[in-house]
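Visitor: Supplied structure: my_file.cif, mmCIF, C-alpha atoms.
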data_my_file
#
loop_
_atom_site.label_atom_id
_atom_site.label_comp_id
_atom_site.auth_asym_id
_atom_site.auth_seq_id
_atom_site.Cartn_x
_atom_site.Cartn_y
_atom_site.Cartn_z
CA GLN A 1 -42.50 188.27 -21.27
CA MET A 2 -42.09 187.77 -17.50
CA GLN A 3 -41.67 183.99 -17.67
CA PRO A 4 -38.19 183.82 -19.31
CA LEU A 5 -36.98 186.73 -17.19
CA LEU A 6 -37.82 184.72 -14.04
CA ASN A 7 -36.54 181.40 -15.41
CA GLY A 8 -40.05 179.99 -15.59
CA ALA A 9 -41.11 180.92 -12.04
CA VAL A 10 -44.53 182.29 -13.03
CA ALA A 11 -47.78 180.54 -12.14
CA PRO A 12 -51.38 181.82 -12.37
CA VAL A 13 -53.38 180.95 -9.23
CA THR A 14 -57.04 181.37 -10.08
CA GLY A 15 -60.62 180.27 -9.60
CA ARG A 16 -60.85 179.29 -13.27
CA GLU A 17 -60.00 175.81 -14.51
CA VAL A 18 -56.49 175.22 -15.83
CA ALA A 19 -57.81 174.45 -19.34
CA VAL A 20 -59.52 177.85 -19.45
CA ILE A 21 -56.33 179.66 -18.44
CA ASP A 22 -54.42 177.75 -21.12
CA ARG A 23 -56.79 179.11 -23.76
CA PHE A 24 -56.23 182.65 -22.48
CA LEU A 25 -52.43 182.28 -22.49
CA GLU A 26 -51.96 180.14 -25.60
CA PRO A 27 -49.31 179.22 -26.78
CA LEU A 28 -47.87 179.40 -23.24
CA SER A 29 -48.38 176.43 -20.93
CA LEU A 30 -47.42 177.72 -17.49
CA PRO A 31 -47.49 176.06 -14.09
CA CYS A 32 -51.00 176.87 -12.91
CA ALA A 33 -53.45 176.35 -10.04
CA GLY A 34 -57.22 176.44 -10.38
CA PRO A 35 -60.04 176.30 -9.29
CA HIS A 36 -58.50 177.82 -6.17
CA GLY A 37 -55.90 175.02 -6.07
CA ALA A 38 -58.19 172.01 -6.58
CA GLN A 39 -56.27 171.50 -9.84
CA ARG A 40 -52.56 172.19 -10.04
CA ARG A 41 -50.05 171.71 -12.84
CA ASN A 42 -46.44 171.92 -11.72
CA SER A 43 -43.43 173.10 -13.73
CA ARG A 44 -42.85 169.58 -15.08
CA GLY A 45 -46.36 169.49 -16.53
CA ALA A 46 -47.65 166.97 -13.96
CA TYR A 47 -51.20 167.42 -12.68
CA ILE A 48 -52.12 167.22 -9.00
CA THR A 49 -55.84 167.27 -8.20
CA SER A 50 -57.93 166.98 -5.07
CA PRO A 51 -59.56 163.57 -4.47
CA ALA A 52 -62.66 162.97 -6.58
CA ARG A 53 -65.91 163.77 -4.78
CA ALA A 54 -69.54 163.50 -5.80
CA LEU A 55 -70.84 166.83 -7.09
CA ALA A 56 -74.18 165.66 -8.50
CA LYS A 57 -76.39 166.77 -5.59
CA PHE A 58 -74.76 170.21 -5.53
CA VAL A 59 -75.14 170.68 -9.27
CA HIS A 60 -78.78 169.55 -9.13
CA ALA A 61 -79.59 172.00 -6.33
CA GLY A 62 -77.85 174.83 -8.17
CA MET A 63 -79.71 174.11 -11.39
CA GLN A 64 -83.04 174.08 -9.56
CA LEU A 65 -82.23 177.43 -7.97
CA ALA A 66 -81.25 178.95 -11.32
CA GLN A 67 -84.43 177.63 -12.94
CA TYR A 68 -86.53 179.91 -10.74
CA ASN A 69 -84.02 182.78 -10.51
CA LEU A 70 -82.81 183.86 -13.93
CA GLY A 71 -80.12 186.10 -12.43
CA ILE A 72 -78.15 183.04 -11.23
CA LEU A 73 -75.59 181.29 -13.42
CA VAL A 74 -74.46 177.80 -12.37
CA GLU A 75 -70.86 176.88 -13.20
CA PRO A 76 -70.07 173.20 -12.55
CA LYS A 77 -66.33 172.46 -12.55
CA ASN A 78 -64.45 169.19 -12.24
CA GLU A 79 -63.77 169.68 -8.52
CA SER A 80 -66.24 172.38 -7.47
CA ILE A 81 -69.43 174.25 -8.29
CA ALA A 82 -70.01 178.01 -8.38
CA LEU A 83 -73.15 180.14 -8.34
CA HIS A 84 -72.71 183.51 -10.05
CA TYR A 85 -75.20 186.31 -9.33
CA ARG A 86 -73.56 189.28 -11.03
CA ALA A 87 -76.69 189.73 -13.19
CA ASP A 88 -78.76 190.30 -10.02
CA PRO A 89 -76.67 191.13 -6.90
CA ALA A 90 -79.84 191.06 -4.80
CA LEU A 91 -79.70 187.24 -5.06
CA GLU A 92 -76.55 187.09 -2.90
CA THR A 93 -78.40 186.10 0.29
CA LEU A 94 -80.34 183.35 -1.50
CA CYS A 95 -77.17 181.90 -3.05
CA LEU A 96 -75.33 181.97 0.28
CA LYS A 97 -78.20 180.37 2.17
CA THR A 98 -78.60 177.62 -0.44
CA MET A 99 -74.89 176.77 -0.44
CA GLN A 100 -74.67 176.84 3.36
CA GLU A 101 -77.59 174.41 3.65
CA LEU A 102 -76.03 172.09 1.06
CA ILE A 103 -72.87 171.54 3.10
CA LEU A 104 -74.50 171.12 6.52
CA ASP A 105 -74.11 167.33 6.21
CA SER A 106 -71.00 167.47 4.01
CA PRO A 107 -68.00 168.21 6.26
CA ASP A 108 -65.51 167.66 3.41
CA TRP A 109 -66.76 170.81 1.65
CA LYS A 110 -66.49 174.52 2.41
CA LEU A 111 -68.03 177.72 1.08
CA VAL A 112 -65.81 180.33 -0.59
CA ARG A 113 -67.07 183.79 -1.52
CA GLY A 114 -65.88 185.95 -4.39
CA LYS A 115 -67.09 188.92 -6.43
CA PHE A 116 -70.76 188.14 -7.10
CA VAL A 117 -70.07 184.41 -6.73
CA VAL A 118 -70.23 181.73 -4.06
CA GLU A 119 -68.43 178.45 -4.62
CA LEU A 120 -68.30 175.04 -2.96
CA LEU A 121 -64.79 173.60 -2.72
CA PRO A 122 -63.11 170.63 -1.03
CA ARG A 123 -62.21 171.75 2.49
CA GLU A 124 -58.45 171.35 2.08
CA VAL A 125 -58.34 173.49 -1.08
CA SER A 126 -57.31 177.16 -1.15
CA LYS A 127 -55.19 179.53 -3.19
CA GLY A 128 -52.86 179.79 -0.21
CA ALA A 129 -52.32 176.02 -0.14
CA ALA A 130 -51.59 176.07 -3.88
CA ILE A 131 -49.00 178.83 -3.47
CA LYS A 132 -47.35 176.95 -0.61
CA ALA A 133 -47.13 173.83 -2.76
CA PHE A 134 -45.51 175.73 -5.63
CA MET A 135 -42.96 177.25 -3.25
CA GLN A 136 -41.74 173.79 -2.28
CA GLU A 137 -40.85 172.92 -5.89
CA PRO A 138 -38.43 174.24 -8.52
CA PRO A 139 -38.25 176.78 -10.09
CA PHE A 140 -40.10 178.55 -7.26
CA LYS A 141 -38.25 177.05 -4.29
CA GLY A 142 -35.88 179.51 -2.61
CA ARG A 143 -37.43 182.55 -4.29
CA ARG A 144 -39.36 185.39 -2.69
CA PRO A 145 -43.03 184.88 -3.63
CA PHE A 146 -45.13 187.61 -5.19
CA PHE A 147 -48.92 187.40 -5.47
CA ALA A 148 -51.53 189.90 -6.62
CA GLY A 149 -55.30 189.48 -6.61
CA ASP A 150 -58.58 191.39 -6.59
CA ASP A 151 -61.02 188.89 -5.07
CA LEU A 152 -62.03 187.67 -1.61
CA SER A 153 -60.67 184.22 -2.36
CA ASP A 154 -57.19 185.74 -2.78
CA GLU A 155 -56.98 186.50 0.94
CA SER A 156 -55.79 182.95 1.73
CA GLY A 157 -53.02 183.53 -0.80
CA PHE A 158 -52.05 186.82 0.83
CA ALA A 159 -51.83 185.09 4.22
CA VAL A 160 -49.39 182.49 2.89
CA ILE A 161 -47.36 185.15 1.08
CA HIS A 162 -46.90 187.01 4.36
CA GLU A 163 -45.96 183.77 6.10
CA LEU A 164 -43.27 183.23 3.45
CA GLN A 165 -42.00 186.84 3.69
CA GLY A 166 -43.24 187.62 0.19
CA VAL A 167 -45.08 190.51 -1.45
CA ALA A 168 -48.90 190.52 -1.42
CA ILE A 169 -50.76 193.10 -3.51
CA LYS A 170 -54.48 193.81 -3.34
CA VAL A 171 -55.81 195.09 -6.67
CA GLY A 172 -58.81 197.41 -6.37
CA ALA A 173 -60.97 198.47 -3.45
CA GLY A 174 -62.04 196.42 -0.45
CA THR A 175 -60.71 195.29 2.91
CA SER A 176 -57.63 193.11 2.65
CA ILE A 177 -54.75 191.75 4.71
CA ALA A 178 -52.37 192.49 1.79
CA ARG A 179 -49.73 195.06 2.72
CA HIS A 180 -49.63 196.64 -0.73
CA ARG A 181 -52.38 197.93 -3.01
CA VAL A 182 -52.91 199.04 -6.62
CA ASP A 183 -56.17 200.85 -7.33
CA SER A 184 -57.16 199.04 -10.56
CA VAL A 185 -56.36 196.12 -12.82
CA LYS A 186 -55.33 198.58 -15.54
CA ASN A 187 -52.77 200.27 -13.30
CA PHE A 188 -51.48 196.94 -12.04
CA TYR A 189 -50.90 195.87 -15.66
CA ARG A 190 -49.00 199.10 -16.28
CA TRP A 191 -46.85 198.48 -13.21
CA LEU A 192 -46.19 194.89 -14.30
CA TYR A 193 -45.18 196.05 -17.77
CA MET A 194 -42.73 198.53 -16.24
CA ALA A 195 -41.31 195.79 -14.01
CA CYS A 196 -40.73 193.58 -17.07
CA THR A 197 -38.96 196.43 -18.84
CA GLN A 198 -36.68 196.99 -15.84
CA LEU A 199 -35.91 193.27 -15.55
CA GLN A 200 -35.01 193.14 -19.23
CA ALA A 201 -32.66 196.08 -18.81
CA MET A 202 -30.99 194.46 -15.81
CA ARG A 203 -30.60 191.17 -17.68
CA SER A 204 -29.06 192.96 -20.67
CA LYS A 205 -26.47 194.65 -18.44
CA GLU A 206 -25.60 191.28 -16.87
CA VAL A 207 -25.04 189.78 -20.33
CA GLU A 208 -22.83 192.71 -21.36
CA ARG A 209 -20.63 192.15 -18.35
#
Translate this structure into structure tokens?
Guide:
Amino acid sequence: QMQPLLNGAVAPVTGREVAVIDRFLEPLSLPCAGPHGAQRRNSRGAYITSPARALAKFVHAGMQLAQYNLGILVEPKNESIALHYRADPALETLCLKTMQELILDSPDWKLVRGKFVVELLPREVSKGAAIKAFMQEPPFKGRRPFFAGDDLSDESGFAVIHELQGVAIKVGAGTSIARHRVDSVKNFYRWLYMACTQLQAMRSKEVER
């Protein structure tokens, strides 16, 4: 509903892979960035990805860790690897320590934390960098950016939004640099629905004129 009202200037920026987001939003095929900007599809449908890097040693180490700790879920992606520990939050320290040791001799990689997840990503990748790239292209160029998120990895996005004089919204509890906040995903959805309704009304009045 929001996409036509904004002339196509809507792009999910997420930790999930673009193909996963496409399944969620089918039949829509929006500009999209994920995981955290390592993959990006622009408004013309062209894909931009980070340079290919060897993930095998990271995946192997993650699988070994999960073999002896059933509360860990390993998620290999095309450009990154994530360790999820939502099933046993007490494993956070172990996951962090393992990931930190893995990148000691790998300067091209960095560690990103999220809600019950730690992820290894190419150093140049971030949600903020993905947002900045979108804002240099049509239909986003020249617009005021708007970004909402509920995870630690969204903070880089909030920083870029502030740099571009946009609107950054933290969803849920937790420390954040975002200047606006909504207390839950449910309430953010309600607010977004109301915004769509208001935009539709404004567009209808413009057409009548």
Visitor: Expand the PyMOL selection byres ((chain A and resi 188) around 12) into the explicit residue set it covers here, and present it as a PyMOL selection string.
Guide: chain A and resi 147-150+169-172+180-187+189-195
Visitor: Distance CA of Glu17 (chain A)-CA of Tyr85 (chain A), one decimal place?
Guide: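 Atom-to-atom, CA of Glu17 (chain A) and CA of Tyr85 (chain A) are spaced 19.2 Å apart.
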Visitor: Name the residues within 12 Å of (-81.6, 180.8, -10.1), counting all atoms listed in the file in the file's coordinates, and put them as a list in words.
Guide: His60, Ala61, Gly62, Met63, Gln64, Leu65, Ala66, Gln67, Tyr68, Asn69, Leu70, Gly71, Ile72, Leu73, Val74, Glu75, Leu83, His84, Tyr85, Arg86, Ala87, Asp88, Pro89, Ala90, Leu91, Glu92, Leu94, Cys95 and Thr98 of chain A
Visitor: Evaluate the PyMOL selection byres ((chain A and resi 35-49) around 10) against this structure - the residues, as a tab-separated table (two decimals) with C-alpha atoms, in the coordinates of the input, please.
Guide:
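Printed below is selection-v8.tsv as written:
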chain	number	residue	atom	x	y	z
A	8	GLY	CA	-40.05	179.99	-15.59
A	9	ALA	CA	-41.11	180.92	-12.04
A	10	VAL	CA	-44.53	182.29	-13.03
A	11	ALA	CA	-47.78	180.54	-12.14
A	12	PRO	CA	-51.38	181.82	-12.37
A	13	VAL	CA	-53.38	180.95	-9.23
A	14	THR	CA	-57.04	181.37	-10.08
A	15	GLY	CA	-60.62	180.27	-9.60
A	16	ARG	CA	-60.85	179.29	-13.27
A	17	GLU	CA	-60.00	175.81	-14.51
A	18	VAL	CA	-56.49	175.22	-15.83
A	29	SER	CA	-48.38	176.43	-20.93
A	30	LEU	CA	-47.42	177.72	-17.49
A	31	PRO	CA	-47.49	176.06	-14.09
A	32	CYS	CA	-51.00	176.87	-12.91
A	33	ALA	CA	-53.45	176.35	-10.04
A	34	GLY	CA	-57.22	176.44	-10.38
A	50	SER	CA	-57.93	166.98	-5.07
A	51	PRO	CA	-59.56	163.57	-4.47
A	52	ALA	CA	-62.66	162.97	-6.58
A	77	LYS	CA	-66.33	172.46	-12.55
A	78	ASN	CA	-64.45	169.19	-12.24
A	79	GLU	CA	-63.77	169.68	-8.52
A	80	SER	CA	-66.24	172.38	-7.47
A	81	ILE	CA	-69.43	174.25	-8.29
A	112	VAL	CA	-65.81	180.33	-0.59
A	119	GLU	CA	-68.43	178.45	-4.62
A	121	LEU	CA	-64.79	173.60	-2.72
A	122	PRO	CA	-63.11	170.63	-1.03
A	123	ARG	CA	-62.21	171.75	2.49
A	124	GLU	CA	-58.45	171.35	2.08
A	125	VAL	CA	-58.34	173.49	-1.08
A	126	SER	CA	-57.31	177.16	-1.15
A	127	LYS	CA	-55.19	179.53	-3.19
A	128	GLY	CA	-52.86	179.79	-0.21
A	129	ALA	CA	-52.32	176.02	-0.14
A	130	ALA	CA	-51.59	176.07	-3.88
A	131	ILE	CA	-49.00	178.83	-3.47
A	133	ALA	CA	-47.13	173.83	-2.76
A	134	PHE	CA	-45.51	175.73	-5.63
A	137	GLU	CA	-40.85	172.92	-5.89
A	138	PRO	CA	-38.43	174.24	-8.52
A	139	PRO	CA	-38.25	176.78	-10.09
A	140	PHE	CA	-40.10	178.55	-7.26
A	153	SER	CA	-60.67	184.22	-2.36
A	154	ASP	CA	-57.19	185.74	-2.78
A	156	SER	CA	-55.79	182.95	1.73
A	157	GLY	CA	-53.02	183.53	-0.80
Visitor: May I ask for the distance between CA of Ser106 (chain A) and CA of Ala19 (chain A), given in Å to one decimal place?
Guide: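 These two atoms are separated by 27.7 Å.
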Visitor: Would you please work out which residue, of A:Leu6, A:Ala201, A:Leu55, A:Met135, is nearest to Leu102 (chain A) when using all atoms listed in the file?
Guide: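 Of the candidates, the smallest distance to Leu102 (chain A) is held by A:Leu55.
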Visitor: Pick from A:Met202, A:Ile177, A:Leu164, A:Leu120: nearest to Asp151 (chain A), with only C-alpha atoms counted?
Guide: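 Residue with the minimum atom-to-atom distance to Asp151 (chain A): A:Ile177.
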Visitor: Of the residues A:Lys205, A:Gln200, A:His162, A:Trp109, which is the one nearest to Arg53 (chain A), using only C-alpha atoms?
Guide: A:Trp109
Visitor: Output as AutoDock Vina command-line options the centre and edge lengths (Å, one decimal) of the box along x, y and z of the file that holds every listed atom of region 156-171 of chain A after adding 8 Å on each side.
Guide:
--center_x -48.9 --center_y 188.8 --center_z -0.3 --size_x 29.8 --size_y 28.6 --size_z 28.8
Visitor: In Å, how far is it from CA of Arg144 (chain A) to CA of Asn7 (chain A)?
Guide: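 Atom-to-atom, CA of Arg144 (chain A) and CA of Asn7 (chain A) are spaced 13.6 Å apart.
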Visitor: May I have the residues at most 6 Å from (-37.3, 192.0, -13.7) in the file's coordinates, counting all atoms listed in the file, as a ChimeraX atom specification?
Guide: /A:195-196,198-199
Visitor: Please write the residues from the selection above to a file, keeping C-alpha atoms, as a tab-separated table (two decimals), keeping the file's coordinate frame.
Guide:
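Written output follows (result.tsv):
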chain	number	residue	atom	x	y	z
A	195	ALA	CA	-41.31	195.79	-14.01
A	196	CYS	CA	-40.73	193.58	-17.07
A	198	GLN	CA	-36.68	196.99	-15.84
A	199	LEU	CA	-35.91	193.27	-15.55
Visitor: Given the choices A:Leu5, A:Leu152, A:Val117, A:Leu28, which gets closest to Met99 (chain A) if the distance is worked out from all atoms listed in the file?
Guide: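 When distances to Met99 (chain A) are compared using all atoms listed in the file, the smallest one comes from A:Val117.
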Visitor: Start from the incomplete input, build N, CA, C and O atoms for region 76-91 of chain A, and deliver everything as an mmCIF file, keeping the file's coordinate frame.
Guide:
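Writing done, so here's out-v6.cif:
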data_model
loop_
_atom_site.group_PDB
_atom_site.id
_atom_site.type_symbol
_atom_site.label_atom_id
_atom_site.label_comp_id
_atom_site.auth_asym_id
_atom_site.auth_seq_id
_atom_site.Cartn_x
_atom_site.Cartn_y
_atom_site.Cartn_z
ATOM 1 N N PRO A 76 -70.671 174.438 -13.071
ATOM 2 C CA PRO A 76 -70.070 173.200 -12.550
ATOM 3 C C PRO A 76 -68.628 173.073 -13.062
ATOM 4 O O PRO A 76 -68.351 173.310 -14.232
ATOM 5 N N LYS A 77 -67.714 172.718 -12.172
ATOM 6 C CA LYS A 77 -66.330 172.460 -12.550
ATOM 7 C C LYS A 77 -66.000 171.016 -12.186
ATOM 8 O O LYS A 77 -66.818 170.309 -11.605
ATOM 9 N N ASN A 78 -64.809 170.582 -12.528
ATOM 10 C CA ASN A 78 -64.450 169.190 -12.240
ATOM 11 C C ASN A 78 -64.374 168.916 -10.745
ATOM 12 O O ASN A 78 -64.693 167.816 -10.298
ATOM 13 N N GLU A 79 -63.947 169.897 -9.960
ATOM 14 C CA GLU A 79 -63.770 169.680 -8.520
ATOM 15 C C GLU A 79 -64.608 170.616 -7.654
ATOM 16 O O GLU A 79 -64.470 170.640 -6.444
ATOM 17 N N SER A 80 -65.475 171.421 -8.257
ATOM 18 C CA SER A 80 -66.240 172.380 -7.470
ATOM 19 C C SER A 80 -67.470 172.827 -8.258
ATOM 20 O O SER A 80 -67.657 172.452 -9.415
ATOM 21 N N ILE A 81 -68.288 173.649 -7.610
ATOM 22 C CA ILE A 81 -69.430 174.250 -8.290
ATOM 23 C C ILE A 81 -69.591 175.684 -7.801
ATOM 24 O O ILE A 81 -69.432 175.963 -6.603
ATOM 25 N N ALA A 82 -69.876 176.600 -8.724
ATOM 26 C CA ALA A 82 -70.010 178.010 -8.380
ATOM 27 C C ALA A 82 -71.379 178.529 -8.807
ATOM 28 O O ALA A 82 -71.910 178.131 -9.845
ATOM 29 N N LEU A 83 -71.935 179.414 -7.992
ATOM 30 C CA LEU A 83 -73.150 180.140 -8.340
ATOM 31 C C LEU A 83 -72.789 181.604 -8.531
ATOM 32 O O LEU A 83 -72.316 182.264 -7.603
ATOM 33 N N HIS A 84 -72.989 182.117 -9.737
ATOM 34 C CA HIS A 84 -72.710 183.510 -10.050
ATOM 35 C C HIS A 84 -74.016 184.302 -10.020
ATOM 36 O O HIS A 84 -75.021 183.857 -10.585
ATOM 37 N N TYR A 85 -73.992 185.480 -9.405
ATOM 38 C CA TYR A 85 -75.200 186.310 -9.330
ATOM 39 C C TYR A 85 -74.912 187.751 -9.740
ATOM 40 O O TYR A 85 -75.621 188.683 -9.334
ATOM 41 N N ARG A 86 -73.912 187.945 -10.570
ATOM 42 C CA ARG A 86 -73.560 189.280 -11.030
ATOM 43 C C ARG A 86 -74.728 189.966 -11.736
ATOM 44 O O ARG A 86 -74.914 191.182 -11.649
ATOM 45 N N ALA A 87 -75.552 189.171 -12.455
ATOM 46 C CA ALA A 87 -76.690 189.730 -13.190
ATOM 47 C C ALA A 87 -77.754 190.293 -12.258
ATOM 48 O O ALA A 87 -78.555 191.144 -12.663
ATOM 49 N N ASP A 88 -77.775 189.817 -10.997
ATOM 50 C CA ASP A 88 -78.760 190.300 -10.020
ATOM 51 C C ASP A 88 -78.150 190.187 -8.626
ATOM 52 O O ASP A 88 -78.380 189.207 -7.912
ATOM 53 N N PRO A 89 -77.346 191.179 -8.201
ATOM 54 C CA PRO A 89 -76.670 191.130 -6.900
ATOM 55 C C PRO A 89 -77.604 190.934 -5.710
ATOM 56 O O PRO A 89 -77.174 190.468 -4.651
ATOM 57 N N ALA A 90 -78.887 191.240 -5.888
ATOM 58 C CA ALA A 90 -79.840 191.060 -4.800
ATOM 59 C C ALA A 90 -80.025 189.581 -4.441
ATOM 60 O O ALA A 90 -80.566 189.260 -3.377
ATOM 61 N N LEU A 91 -79.560 188.684 -5.299
ATOM 62 C CA LEU A 91 -79.700 187.240 -5.060
ATOM 63 C C LEU A 91 -78.571 186.678 -4.182
ATOM 64 O O LEU A 91 -78.519 185.478 -3.940
#
